[in-house]
Amino acid sequence: MQRHGVSPNVVTFIYGLKACSNLQALDKGQELHAEVIVEGLEDHPFVNSSLVDMYARCGAFAEAREVFDELPHQDIVSWTTLISAYADNGHDKQAIICLEAMQKLGISPNVITIVCSLKACGNTGNLSVGKKLHMDIIVEQLEGNPFATNSLIYMYTKCGSLDEAWHIFEEMHSPDIISWNSIISGFAEQGENERALALSKQMQEQGLLPDNTTLVGVLKAVANMEAFEHGRRLHAQVFHSCEDQSIDLIVATALVDMYCKCGSIVYAQQVFNKMETKDYVLWTSLLTGYAQQGYSDLLFQAYDSMKAHGLQPTAVTFLSLLNVCSHAGLINSAYSILEVMCGYGIEPDIKHLNCIVDLLGRSGQFFLAFAVLERLPIKPTYIIWSTILGHCRNHSISELAQYVFECAVSDEEVESAFFVVMSNLSSEFVSEEYEDVLHSCYGTSASSSLL
DNA sequence: ATAGGGTTAG
């Protein structure tokens with residue numbers, strides 16, 4: 001168009017920037033940004049929102065933020081653009097911070113802002129902000145809006161408030177496929193497997209056909225139940241329902257995961273091998289399956305094969321590798337995996353650390369375990385302490401257990417399971433000292449029943 | 001003519 005001598009206007013830039021967003025074409029987007037300035041259109045609110053969107057969707061959050069901060073008027077759309085981009089890319093806490101900053105300025109969220117924010121609440125389990133948004137929906141009389149209502153179902157199931165989600169679903173006059181899928185996958189995710197399956201049946205009785213998302217939700221329920229035969233039937237159903245026998249990539253990933261959880265590595269491999277395009281999630285679900293079942297040779301072979309196919313390992317890939325090392329007692333392999341991981345620029349997180357601590361604790365190398373904990377910039381959680389505590393038990397080291405126990409109870413997140421581990425320990429060591437600590441931490445009746 | 005709902009790996 002430009003070669004034909006036609007200059008771009010506001011509308012051209014809006015569509016051009018949207019294309020860049022869709023393609024994640026940051027370079028081209030930056031070129032368009034420069035042209036926007038040349039054309040003197042940098043004050044146009046629609047163009048500016050599109051620029052914020054383009055940078056954020058290309059993963060350039062700092063640049064998105066820069067454009068946003070310099071806007072002459074930050075309107076509801078530019079705020080929502082930021083919130084949406086954060087929520088879609090795993091920066092859910094940032095999304096909620098933005099929502100609250102916006103509200104502080106006196107701007108009320110509209111239905112689109114609410115939908116994006118509810119997603120962020122669901123992803124972070126932020127029930128209190130989610131409930132406030134629910135109130136906003138009621139105040140704005142948006143209860144009949146399917147986007148708002150379906151987002152509420154999503155948020156409540158992700159936060160574990162299944163009764164509330166069910167209540168909203170039940171009140172709907174005509175739930176659409178997305179409503180059904182939200183409640184089905186929500187129940188499946190929370191382990192309400194039978195209910196998820198029953199709802200899928202009910203949905204089909206009402207004349208709605210299951211789509212890929214429904215299948216993924218149902219496969220998750222089946223995987224949780226390790227119901228191999230049911231999984232086989234679903235696989236057959238998937239196979240017959242799709243055209244030219246090519247299974248959707250996400251459905252295939254759910255199938256691989258289901259077969260692995262049911263212990264059927266051979267079927268998982270079969271589904272995996274038949275896929276023409278494999279993304280890193282499909283690879284990782286197979287690698288994780290190998291790790292869970294303890295197939296270390298297959299795991300390392302598949303890891304090499306994945307790299308040979310040009311796919312980069314991620315933090316999850318390395319976690320699977322470390323898990324296998326941990327179960328097989330391969331300390332040196334674990335160290336080299338950590339090194340390789342750092343070479344890829346991936347920082348070990350608490351779960352990787354737990355594998356290493358587990359390995360060291362297993363072989364009684366507690367001093368080394370503590371040295372690792374001190375060297376890494378991650379604060380140990382009670383999960384790490386539980387791991388060490390378990391090994392204290394195996395090695396009958398009661399003094400260390402006492403120390404570890406005291407470290408752990410200062411963790412705000414510490415859960416009852418930890419006290420069960422400790423009570424098992426104290427009953428074995430028959431130490432009155434532990435009983436006293438348990439009484440003080442856990443209440444007299446609870447600890448006496450545990451002990 | 002800018003922003004929006006459900007699905008995959010630990």
# chains A, B, ... in the order shown; residues from 1 in each chain; ligands from 1

call {"tool": "interface_residues", "arguments": {"of": "chain A", "to": "chain B", "cutoff": "6 Å", "atoms": "only C-alpha atoms (C1' of nucleotides)", "output": "ChimeraX atom specification"}}
result
/A:11,46,49-50,77,80-81,112,147,150-151,178,181-182,213,216,250,253-254,281,284-285,316

call {"tool": "residues_around", "arguments": {"residues": "stretch 355-365 of chain A", "least_positions_apart": "5", "cutoff": "10 Å", "atoms": "only C-alpha atoms (C1' of nucleotides)", "output": "ChimeraX atom specification"}}
result
/A:319-331,334-335,338,350,370-373,384-392,394-395,397

call {"tool": "residues_around", "arguments": {"residues": "A:Ala227", "least_positions_apart": "4", "cutoff": "10 Å", "atoms": "only C-alpha atoms (C1' of nucleotides)", "output": "MDAnalysis selection string"}}
result
chainID A and resid 219 221:223 231:232 258:259 261:262
